file structure08.txt (compact mmCIF, C-alpha atoms)
# COMPACT_ATOMS: atom_id res chain seq x y z
CA MET A 1 30.03 -45.26 -43.45
CA ALA A 2 31.88 -44.80 -40.17
CA ARG A 3 34.34 -42.50 -41.91
CA ARG A 4 31.49 -40.37 -43.27
CA LEU A 5 29.87 -40.08 -39.86
CA LYS A 6 33.20 -38.96 -38.40
CA GLN A 7 33.49 -36.29 -41.10
CA ILE A 8 30.03 -34.96 -40.24
CA ALA A 9 30.79 -34.95 -36.51
CA ASP A 10 34.08 -33.14 -37.09
CA HIS A 11 32.29 -30.56 -39.25
CA PHE A 12 29.75 -29.79 -36.50
CA GLN A 13 32.51 -29.56 -33.89
CA GLU A 14 34.47 -27.18 -36.13
CA THR A 15 31.36 -25.02 -36.65
CA LYS A 16 30.67 -24.96 -32.88
CA ASN A 17 34.26 -23.90 -32.18
CA LYS A 18 34.02 -21.08 -34.71
CA MET A 19 30.74 -19.86 -33.18
CA SER A 20 32.22 -19.91 -29.68
CA ASP A 21 35.02 -17.70 -30.92
CA THR A 22 32.67 -15.10 -32.43
CA VAL A 23 29.32 -15.33 -30.54
CA ALA A 24 29.15 -15.23 -26.77
CA PRO A 25 25.86 -16.62 -25.40
CA GLU A 26 24.18 -14.64 -22.63
CA ARG A 27 25.04 -16.06 -19.20
CA PHE A 28 24.13 -12.97 -17.12
CA GLU A 29 27.64 -13.01 -15.68
CA ALA A 30 27.77 -9.19 -15.57
CA LEU A 31 24.38 -8.87 -13.89
CA PRO A 32 24.72 -6.80 -10.70
CA LEU A 33 23.27 -8.07 -7.44
CA ALA A 34 20.14 -6.09 -6.58
CA PRO A 35 20.03 -4.56 -3.12
CA PRO A 36 17.65 -6.26 -0.69
CA ASP A 37 14.33 -4.58 0.15
CA SER A 38 14.98 -2.39 3.18
CA ILE A 39 11.91 -3.50 5.15
CA PHE A 40 12.44 -7.20 4.55
CA LYS A 41 16.13 -6.79 5.37
CA LEU A 42 15.13 -5.18 8.65
CA THR A 43 12.76 -8.05 9.42
CA ALA A 44 15.46 -10.61 8.67
CA ALA A 45 17.83 -8.87 11.08
CA TYR A 46 15.12 -8.83 13.74
CA LYS A 47 14.52 -12.56 13.37
CA THR A 48 18.18 -13.41 13.95
CA ASP A 49 18.47 -11.12 17.00
CA THR A 50 18.40 -13.05 20.26
CA HIS A 51 17.93 -10.05 22.58
CA PRO A 52 14.96 -10.68 24.92
CA ASN A 53 13.56 -7.17 24.53
CA LYS A 54 13.84 -6.87 20.75
CA ILE A 55 10.96 -5.08 18.99
CA ASN A 56 10.07 -5.07 15.30
CA LEU A 57 8.57 -1.70 14.35
CA GLY A 58 9.40 -1.98 10.67
CA VAL A 59 6.89 -4.26 9.01
CA GLY A 60 3.45 -2.93 8.08
CA ALA A 61 1.30 -5.74 9.42
CA TYR A 62 -1.08 -5.80 12.36
CA ARG A 63 -0.10 -7.67 15.51
CA ASP A 64 -2.20 -8.35 18.60
CA ASP A 65 -1.18 -7.42 22.14
CA ASP A 66 1.08 -10.49 22.26
CA SER A 67 2.87 -9.52 19.02
CA LYS A 68 1.10 -12.31 17.12
CA PRO A 69 -0.57 -12.11 13.71
CA TRP A 70 -4.33 -11.84 14.16
CA VAL A 71 -6.73 -13.74 11.95
CA LEU A 72 -9.95 -11.74 12.11
CA PRO A 73 -12.83 -13.75 13.63
CA VAL A 74 -15.05 -12.78 10.69
CA VAL A 75 -12.43 -14.11 8.27
CA LYS A 76 -12.40 -17.42 10.17
CA LYS A 77 -16.18 -17.56 9.90
CA ALA A 78 -16.16 -16.74 6.18
CA THR A 79 -13.47 -19.37 5.61
CA GLU A 80 -15.62 -21.98 7.35
CA ILE A 81 -18.57 -21.06 5.14
CA LEU A 82 -16.47 -21.46 2.00
CA LEU A 83 -15.05 -24.79 3.15
CA ASN A 84 -18.55 -26.16 3.57
CA ASP A 85 -19.97 -24.75 0.34
CA PRO A 86 -20.32 -27.65 -2.15
CA THR A 87 -20.58 -25.23 -5.09
CA VAL A 88 -17.09 -23.80 -4.57
CA ASP A 89 -14.62 -25.02 -7.19
CA HIS A 90 -11.17 -24.10 -8.44
CA GLU A 91 -12.08 -22.92 -11.93
CA TYR A 92 -10.69 -19.70 -13.40
CA LEU A 93 -12.32 -16.46 -12.39
CA PRO A 94 -13.18 -13.97 -15.15
CA ILE A 95 -10.18 -11.90 -16.28
CA THR A 96 -11.50 -8.83 -14.44
CA GLY A 97 -12.23 -10.81 -11.30
CA LEU A 98 -15.11 -12.11 -9.22
CA PRO A 99 -18.02 -9.82 -10.21
CA GLU A 100 -19.76 -9.88 -6.82
CA TYR A 101 -16.44 -8.98 -5.18
CA THR A 102 -15.51 -6.06 -7.43
CA ALA A 103 -19.04 -4.62 -7.25
CA ALA A 104 -19.08 -4.80 -3.44
CA ALA A 105 -15.57 -3.37 -3.21
CA ALA A 106 -16.62 -0.40 -5.34
CA ARG A 107 -19.66 0.22 -3.14
CA LEU A 108 -17.42 0.11 -0.06
CA VAL A 109 -15.05 2.84 -1.21
CA PHE A 110 -17.48 5.08 -3.14
CA GLY A 111 -20.58 4.50 -1.00
CA ALA A 112 -23.60 2.39 -1.94
CA ASP A 113 -25.58 5.54 -2.72
CA SER A 114 -22.86 7.16 -4.82
CA PRO A 115 -24.02 8.48 -8.22
CA VAL A 116 -21.04 6.81 -9.91
CA ILE A 117 -22.35 3.47 -8.65
CA ALA A 118 -25.98 4.15 -9.58
CA GLU A 119 -24.96 5.37 -13.03
CA GLU A 120 -22.53 2.46 -13.57
CA ARG A 121 -19.64 4.83 -14.21
CA VAL A 122 -16.97 2.83 -12.40
CA ALA A 123 -14.76 0.34 -14.22
CA SER A 124 -13.65 -2.14 -11.55
CA VAL A 125 -11.06 -4.89 -11.92
CA GLN A 126 -9.75 -7.34 -9.32
CA THR A 127 -6.01 -6.99 -8.74
CA ILE A 128 -3.13 -8.60 -6.86
CA SER A 129 -3.75 -6.51 -3.73
CA GLY A 130 -2.97 -2.80 -3.64
CA THR A 131 0.42 -3.24 -5.30
CA GLY A 132 -1.24 -4.86 -8.30
CA ALA A 133 -3.84 -2.09 -8.39
CA ASN A 134 -1.12 0.56 -8.41
CA HIS A 135 0.71 -1.27 -11.16
CA LEU A 136 -2.36 -1.83 -13.33
CA GLY A 137 -3.52 1.75 -12.82
CA ALA A 138 -0.07 3.06 -13.75
CA LEU A 139 0.10 0.81 -16.81
CA PHE A 140 -3.36 1.97 -17.93
CA LEU A 141 -2.38 5.64 -17.61
CA SER A 142 0.94 5.02 -19.33
CA LYS A 143 -0.87 3.69 -22.38
CA PHE A 144 -4.02 5.76 -22.52
CA TYR A 145 -3.74 9.00 -20.52
CA GLY A 146 -3.54 12.25 -22.52
CA TRP A 147 -0.31 13.51 -20.99
CA ASN A 148 0.95 17.06 -21.31
CA GLU A 149 4.10 15.91 -19.57
CA LYS A 150 4.44 12.20 -18.81
CA ARG A 151 5.18 12.22 -15.10
CA VAL A 152 3.48 11.18 -11.88
CA TYR A 153 3.80 13.31 -8.75
CA LEU A 154 4.37 11.36 -5.54
CA SER A 155 4.26 12.77 -2.03
CA ASP A 156 7.61 13.31 -0.32
CA PRO A 157 7.83 10.84 1.34
CA THR A 158 5.59 8.03 0.10
CA TRP A 159 5.39 4.23 0.18
CA VAL A 160 8.74 3.20 -1.27
CA ASN A 161 7.16 0.86 -3.83
CA HIS A 162 5.48 3.79 -5.58
CA HIS A 163 8.92 4.86 -6.78
CA ALA A 164 9.46 1.40 -8.32
CA ILE A 165 6.04 0.86 -9.88
CA PHE A 166 5.66 3.92 -12.09
CA PRO A 167 9.08 4.02 -13.81
CA GLN A 168 8.67 0.31 -14.55
CA VAL A 169 5.75 1.13 -16.85
CA GLY A 170 7.42 4.13 -18.42
CA ILE A 171 6.15 6.93 -16.17
CA PRO A 172 8.91 9.03 -14.57
CA ALA A 173 8.25 9.99 -10.95
CA ALA A 174 8.64 13.42 -9.39
CA THR A 175 7.79 14.44 -5.84
CA TYR A 176 5.66 17.13 -4.26
CA PRO A 177 6.19 18.54 -0.74
CA TYR A 178 4.07 16.74 1.82
CA TYR A 179 5.78 16.25 5.17
CA ASP A 180 7.17 19.18 7.14
CA PRO A 181 9.92 17.95 9.51
CA GLN A 182 9.78 21.20 11.45
CA THR A 183 6.16 20.70 12.50
CA ILE A 184 6.13 16.90 12.03
CA GLY A 185 2.91 17.58 10.11
CA LEU A 186 1.59 18.43 6.67
CA ALA A 187 3.53 20.89 4.51
CA PHE A 188 0.22 22.22 3.25
CA PRO A 189 1.23 25.57 1.65
CA ALA A 190 4.08 23.89 -0.22
CA PHE A 191 1.74 21.07 -1.29
CA ILE A 192 -0.74 23.56 -2.74
CA ALA A 193 2.06 25.47 -4.45
CA ALA A 194 3.21 22.26 -6.14
CA LEU A 195 -0.32 21.60 -7.39
CA GLU A 196 -0.46 25.12 -8.79
CA ALA A 197 2.95 24.87 -10.46
CA ALA A 198 2.53 21.46 -12.10
CA PRO A 199 1.68 21.34 -15.83
CA PRO A 200 -2.07 21.13 -16.58
CA ARG A 201 -3.55 17.61 -16.51
CA SER A 202 -0.77 16.29 -14.24
CA VAL A 203 -1.28 13.05 -12.31
CA PHE A 204 -0.96 13.28 -8.52
CA LEU A 205 -0.86 10.17 -6.36
CA LEU A 206 -2.81 10.81 -3.17
CA HIS A 207 -3.11 8.61 -0.08
CA ALA A 208 -6.83 8.31 0.67
CA CYS A 209 -6.23 8.02 4.42
CA ALA A 210 -3.50 7.01 6.89
CA HIS A 211 -0.65 8.35 4.80
CA ASN A 212 2.22 5.89 4.52
CA PRO A 213 4.79 6.45 5.95
CA THR A 214 4.00 9.62 7.91
CA GLY A 215 0.53 9.02 9.35
CA VAL A 216 -0.19 12.68 8.48
CA ASP A 217 -3.48 13.30 6.63
CA PRO A 218 -4.99 16.55 5.34
CA THR A 219 -8.01 17.87 7.20
CA ARG A 220 -11.35 17.90 5.39
CA GLU A 221 -10.94 21.61 4.76
CA GLN A 222 -7.49 20.98 3.29
CA TRP A 223 -8.83 18.16 1.09
CA GLY A 224 -11.36 20.65 -0.26
CA ALA A 225 -8.61 23.11 -1.13
CA ILE A 226 -6.62 20.33 -2.83
CA ALA A 227 -9.67 19.43 -4.91
CA ASP A 228 -10.13 23.09 -5.87
CA VAL A 229 -6.63 23.34 -7.33
CA MET A 230 -6.85 19.97 -9.06
CA LEU A 231 -10.06 21.02 -10.79
CA LYS A 232 -8.57 24.40 -11.69
CA HIS A 233 -5.66 22.78 -13.53
CA GLY A 234 -7.36 19.63 -14.81
CA HIS A 235 -5.19 17.36 -12.68
CA PHE A 236 -5.90 13.64 -12.25
CA ALA A 237 -6.17 12.04 -8.79
CA PHE A 238 -4.53 8.64 -8.44
CA PHE A 239 -5.85 7.52 -5.03
CA ASP A 240 -4.12 4.76 -3.11
CA SER A 241 -6.58 3.45 -0.51
CA ALA A 242 -4.83 0.79 1.57
CA TYR A 243 -6.27 1.54 5.02
CA GLN A 244 -10.02 2.16 4.77
CA GLY A 245 -11.47 1.42 8.21
CA PHE A 246 -8.06 0.55 9.63
CA ALA A 247 -7.12 4.21 10.06
CA SER A 248 -9.91 5.52 12.27
CA GLY A 249 -11.97 2.38 12.84
CA ASP A 250 -14.74 3.89 10.69
CA LEU A 251 -15.12 2.76 7.07
CA GLU A 252 -17.20 5.80 6.13
CA ASN A 253 -14.86 8.32 7.70
CA ASP A 254 -11.79 6.85 6.00
CA ALA A 255 -13.46 7.03 2.57
CA TRP A 256 -14.36 10.71 2.95
CA ALA A 257 -11.63 12.15 0.70
CA VAL A 258 -12.37 9.75 -2.16
CA ARG A 259 -16.09 10.44 -1.94
CA GLU A 260 -15.57 14.20 -1.76
CA PHE A 261 -13.44 14.10 -4.90
CA VAL A 262 -16.20 12.09 -6.62
CA ARG A 263 -18.77 14.65 -5.49
CA ARG A 264 -16.57 17.43 -6.87
CA ASP A 265 -16.10 15.49 -10.13
CA VAL A 266 -12.30 15.39 -9.95
CA PRO A 267 -10.98 12.92 -12.59
CA MET A 268 -9.73 9.91 -10.67
CA LEU A 269 -9.02 6.28 -10.09
CA VAL A 270 -8.75 4.36 -6.81
CA CYS A 271 -6.39 1.54 -5.87
CA GLN A 272 -7.89 -0.58 -3.10
CA SER A 273 -6.44 -3.22 -0.80
CA PHE A 274 -7.91 -5.59 1.77
CA ALA A 275 -4.53 -6.62 3.21
CA LYS A 276 -4.63 -4.36 6.26
CA ASN A 277 -8.33 -3.94 7.03
CA ALA A 278 -9.11 -7.66 6.65
CA GLY A 279 -5.72 -9.07 7.66
CA LEU A 280 -5.48 -10.86 4.31
CA TYR A 281 -1.85 -9.95 3.66
CA GLY A 282 -0.94 -13.18 1.93
CA GLU A 283 -4.14 -13.59 -0.08
CA ARG A 284 -3.41 -10.48 -2.20
CA VAL A 285 -6.95 -9.11 -2.45
CA GLY A 286 -7.23 -5.78 -4.22
CA ALA A 287 -9.14 -3.83 -6.84
CA LEU A 288 -8.66 -0.97 -9.26
CA HIS A 289 -11.59 1.39 -9.83
CA VAL A 290 -11.48 3.95 -12.65
CA VAL A 291 -14.25 6.56 -12.60
CA ALA A 292 -15.60 7.39 -16.07
CA PRO A 293 -17.87 10.23 -17.25
CA SER A 294 -20.46 7.76 -18.58
CA LYS A 295 -21.57 4.13 -18.47
CA GLU A 296 -20.26 3.67 -22.01
CA GLY A 297 -16.92 5.19 -21.04
CA ALA A 298 -16.64 2.80 -18.10
CA ALA A 299 -17.24 -0.14 -20.45
CA ARG A 300 -14.44 1.02 -22.76
CA ILE A 301 -12.06 1.48 -19.85
CA LYS A 302 -12.87 -1.93 -18.43
CA SER A 303 -12.29 -3.57 -21.81
CA GLN A 304 -8.77 -2.13 -21.94
CA LEU A 305 -8.05 -3.03 -18.32
CA SER A 306 -9.11 -6.57 -19.18
CA VAL A 307 -6.58 -6.71 -22.02
CA LEU A 308 -3.79 -5.46 -19.75
CA ALA A 309 -4.70 -7.85 -16.93
CA ARG A 310 -4.92 -10.81 -19.31
CA ALA A 311 -1.35 -10.22 -20.49
CA GLU A 312 0.00 -10.02 -16.95
CA ILE A 313 -1.89 -12.40 -14.67
CA SER A 314 -4.51 -13.93 -16.99
CA ASN A 315 -6.95 -14.44 -14.11
CA PRO A 316 -6.85 -13.24 -10.49
CA PRO A 317 -6.79 -15.60 -7.48
CA ALA A 318 -10.16 -16.69 -6.14
CA HIS A 319 -9.95 -17.50 -2.43
CA GLY A 320 -9.38 -14.06 -0.91
CA ALA A 321 -11.89 -12.44 -3.24
CA ARG A 322 -14.52 -14.99 -2.20
CA LEU A 323 -13.83 -14.29 1.46
CA ILE A 324 -14.23 -10.53 1.03
CA SER A 325 -17.27 -10.99 -1.18
CA LEU A 326 -18.96 -13.02 1.55
CA ILE A 327 -18.12 -10.42 4.19
CA LEU A 328 -19.22 -7.41 2.15
CA ASN A 329 -22.42 -8.94 0.80
CA ASP A 330 -23.74 -10.49 4.00
CA ALA A 331 -25.18 -7.96 6.48
CA THR A 332 -24.30 -10.01 9.56
CA LEU A 333 -20.73 -10.72 8.47
CA PHE A 334 -20.29 -7.09 7.44
CA GLU A 335 -21.22 -5.89 10.95
CA GLU A 336 -18.82 -8.43 12.46
CA TRP A 337 -16.05 -7.15 10.17
CA LYS A 338 -16.68 -3.58 11.28
CA ARG A 339 -16.27 -4.72 14.90
CA ASP A 340 -13.00 -6.45 14.02
CA ILE A 341 -11.78 -3.29 12.30
CA ARG A 342 -12.60 -1.24 15.38
CA THR A 343 -10.63 -3.75 17.47
CA MET A 344 -7.51 -3.28 15.34
CA ALA A 345 -7.79 0.48 14.97
CA GLY A 346 -8.67 0.88 18.65
CA ARG A 347 -5.60 -1.03 19.83
CA ILE A 348 -3.31 1.11 17.69
CA ILE A 349 -4.97 4.32 18.91
CA ASP A 350 -4.50 3.10 22.49
CA MET A 351 -0.79 2.51 21.81
CA ARG A 352 -0.47 6.05 20.45
CA LYS A 353 -2.03 7.44 23.61
CA GLU A 354 0.13 5.33 25.92
CA LEU A 355 3.36 6.15 24.09
CA HIS A 356 2.47 9.83 24.18
CA ARG A 357 1.71 9.61 27.91
CA LEU A 358 4.97 7.86 28.70
CA LEU A 359 7.06 10.35 26.73
CA THR A 360 5.36 13.50 27.96
CA GLU A 361 4.23 12.72 31.51
CA GLU A 362 6.62 10.09 32.88
CA LEU A 363 9.87 10.46 30.96
CA LYS A 364 9.59 14.17 30.15
CA THR A 365 11.32 13.46 26.86
CA PRO A 366 12.66 16.64 25.24
CA GLY A 367 10.52 18.01 22.40
CA ASN A 368 6.86 18.09 21.49
CA TRP A 369 5.34 14.63 21.02
CA ASP A 370 1.76 15.58 20.16
CA HIS A 371 2.28 14.27 16.64
CA ILE A 372 2.18 10.74 18.05
CA VAL A 373 -1.54 11.13 18.80
CA ASN A 374 -2.31 13.53 15.95
CA GLN A 375 -1.07 11.15 13.27
CA ILE A 376 -3.34 8.32 12.15
CA GLY A 377 -3.15 4.73 10.98
CA MET A 378 -0.52 2.05 11.20
CA PHE A 379 2.55 4.25 10.89
CA SER A 380 4.01 7.16 12.75
CA PHE A 381 6.87 9.45 11.84
CA THR A 382 8.60 9.94 15.18
CA GLY A 383 10.64 12.93 14.05
CA ILE A 384 13.95 11.44 15.16
CA ASN A 385 16.99 11.63 12.88
CA PRO A 386 18.84 8.79 11.09
CA ALA A 387 21.58 8.64 13.74
CA GLN A 388 19.01 8.24 16.51
CA SER A 389 17.17 5.60 14.47
CA ALA A 390 20.41 3.69 13.93
CA ALA A 391 21.19 3.83 17.65
CA LEU A 392 17.80 2.33 18.46
CA VAL A 393 18.46 -0.56 16.07
CA GLU A 394 22.07 -1.20 17.02
CA LYS A 395 21.98 -0.58 20.77
CA ALA A 396 18.38 -1.00 21.88
CA HIS A 397 17.38 -3.83 19.48
CA VAL A 398 14.40 -1.76 18.30
CA TYR A 399 14.02 -2.28 14.56
CA LEU A 400 12.72 0.72 12.64
CA THR A 401 13.51 2.42 9.34
CA GLY A 402 16.27 5.01 9.07
CA ASN A 403 13.80 7.87 8.57
CA GLY A 404 12.30 7.33 12.02
CA ARG A 405 9.09 5.69 10.84
CA ILE A 406 7.59 3.14 13.21
CA SER A 407 4.73 0.70 12.81
CA MET A 408 2.43 1.35 15.74
CA ALA A 409 1.11 -2.21 15.33
CA GLY A 410 4.44 -3.47 16.66
CA LEU A 411 3.83 -1.83 20.03
CA ASN A 412 1.79 -3.49 22.76
CA SER A 413 1.20 -3.34 26.49
CA HIS A 414 4.26 -5.55 27.07
CA ASN A 415 6.85 -3.54 25.14
CA VAL A 416 5.63 0.06 24.87
CA ARG A 417 7.37 1.11 28.08
CA TYR A 418 10.70 -0.36 26.95
CA PHE A 419 10.38 1.37 23.58
CA ALA A 420 9.50 4.71 25.19
CA SER A 421 12.51 4.49 27.52
CA GLN A 422 14.88 3.68 24.65
CA LEU A 423 13.41 6.41 22.45
CA ASP A 424 13.91 8.83 25.33
CA LYS A 425 17.56 7.82 25.62
CA ALA A 426 18.07 8.14 21.86
CA VAL A 427 16.65 11.66 21.88
CA ARG A 428 18.86 12.62 24.83
CA GLY A 429 21.94 11.08 23.16
CA GLU A 430 22.34 8.53 25.95
CA LEU A 431 22.12 5.28 23.99
call {"tool": "encode", "arguments": {"input": "structure08.txt", "output": "structure tokens"}}
result
Amino acid sequence: MARRLKQIADHFQETKNKMSDTVAPERFEALPLAPPDSIFKLTAAYKTDTHPNKINLGVGAYRDDDSKPWVLPVVKKATEILLNDPTVDHEYLPITGLPEYTAAAARLVFGADSPVIAEERVASVQTISGTGANHLGALFLSKFYGWNEKRVYLSDPTWVNHHAIFPQVGIPAATYPYYDPQTIGLAFPAFIAALEAAPPRSVFLLHACAHNPTGVDPTREQWGAIADVMLKHGHFAFFDSAYQGFASGDLENDAWAVREFVRRDVPMLVCQSFAKNAGLYGERVGALHVVAPSKEGAARIKSQLSVLARAEISNPPAHGARLISLILNDATLFEEWKRDIRTMAGRIIDMRKELHRLLTEELKTPGNWDHIVNQIGMFSFTGINPAQSAALVEKAHVYLTGNGRISMAGLNSHNVRYFASQLDKAVRGEL
């Protein structure tokens, strides 16, 4: 018996040896190391810097005047309400999200009196913040949009993650002119020309307000002209709305472009995030809204979005959605939130004004710096070149991206003068 068992063992060992000679199992040994995310790499470098005057102007998150994260008072109040609600549990949400949240989120961006709300023509799904909304929207278009030429047009420049999201779902990305470095403003004629030249029924990703990374938005008149050309050629508007309320301090004002496109009946969807305007960065609270021509069409769209969401996340997280639902559906909390939004937007606007004053009145920095106050939202394109940006990082301990973009939220009354002085030196070549 022992001899037979040895024969069997030897046979299996011989078979294993033969397989190892002919079949190599996958060990991912040839897998290349992916480059680190540029923003998170910048933040890591900032954290290890021991310089007393270091400033982080890279990350897109609000900070108070002491450079601390700010939990909105209304969010604290809503959290307390949830903690003391005996009906709150930890069961799964529906696949498409918390219904009272998605409905309120749609009303916020389209307007409570919008015909697409009254006619139930919006298919709304809760997402993993704005990134998840972009991804789900892109995946939906990849599978169901009637493409003439499968390609999405992204502004040059745009949020870097846009360039990762669309190709990942099989949609190649092209760019359209947006930022004019000569004027440090909108390249409007070139933008319109790109809309005119694109194949009919093309998809254009548009930033609803507070363009990231430039802070340059079209005027209302320019938005109207953009809508004209999109209607003329049957283009589709893929709106990314990450800063409603945060940009100007006014929720209605920051939703104007989206609502005007709805009024003009431009085919569209909207990606929505509550990371910035509610300070819920880590809770990942977002929504995707697809506008349909009919109530029945919206139901079909939502059914397909549900299938896609089920395969990816199964069910969205509950806590952040419950917080926003409370805030949006309670009149008192909603008014408190609007005050908190004005606090954040107002501080950033004040920093723009002070930086502009320091550069133009005190330091007499060479060049025109009006773009600092003309741009809007969290970010500003300073107009400095990569060499000047690198000098600020390496010699002044001011952390910003190589294209000269700064997060205005990183400036405060304690460090704005230091930053202005170092920016002045960089521009003069004295760093």
call {"tool": "closest_atom_pairs", "arguments": {"input": "structure08.txt", "of": "range 191-281 of chain A", "to": "range 393-406 of chain A", "cutoff": "12 Å", "atoms": "only C-alpha atoms", "output": "JSON lines"}}
result
{"residue": "A:His211", "atom": "CA", "partner": "A:Arg405", "partner_atom": "CA", "distance": 11.8}
{"residue": "A:Asn212", "atom": "CA", "partner": "A:Arg405", "partner_atom": "CA", "distance": 9.3}
{"residue": "A:Pro213", "atom": "CA", "partner": "A:Arg405", "partner_atom": "CA", "distance": 6.6}
{"residue": "A:Thr214", "atom": "CA", "partner": "A:Arg405", "partner_atom": "CA", "distance": 7.1}
{"residue": "A:Gly215", "atom": "CA", "partner": "A:Arg405", "partner_atom": "CA", "distance": 9.3}
{"residue": "A:Val216", "atom": "CA", "partner": "A:Arg405", "partner_atom": "CA", "distance": 11.9}
call {"tool": "closest_atom_pairs", "arguments": {"input": "structure08.txt", "of": "range 293-385 of chain A", "to": "range 192-209 of chain A", "cutoff": "12 Å", "atoms": "all atoms listed in the file", "output": "Markdown table"}}
result
| residue | atom | partner | partner_atom | distance |
| --- | --- | --- | --- | --- |
| A:Gln375 | CA | A:Cys209 | CA | 10.7 |
| A:Ile376 | CA | A:Cys209 | CA | 8.3 |
| A:Gly377 | CA | A:Cys209 | CA | 8.0 |
| A:Met378 | CA | A:Cys209 | CA | 10.7 |
| A:Phe379 | CA | A:Cys209 | CA | 11.5 |
call {"tool": "closest_residue", "arguments": {"input": "structure08.txt", "among": "A:Asn374, A:Thr332, A:Val427, A:Asn368", "to": "Val74 in chain A", "atoms": "all atoms listed in the file"}}
result
A:Thr332
call {"tool": "residues_around", "arguments": {"input": "structure08.txt", "residues": "Tyr153 in chain A", "least_positions_apart": "2", "cutoff": "6 Å", "atoms": "only C-alpha atoms", "output": "list in words"}}
result
Ala173, Ala174, Thr175 and Phe204 of chain A
call {"tool": "atom_distance", "arguments": {"input": "structure08.txt", "atom1": "CA of Val152 in chain A", "atom2": "CA of Gln126 in chain A"}}
result
22.9 Å
call {"tool": "residues_around", "arguments": {"input": "structure08.txt", "residues": "Ala292 in chain A", "least_positions_apart": "4", "cutoff": "7 Å", "atoms": "only C-alpha atoms", "output": "PyMOL selection string"}}
result
chain A and resi 121-122+297-298
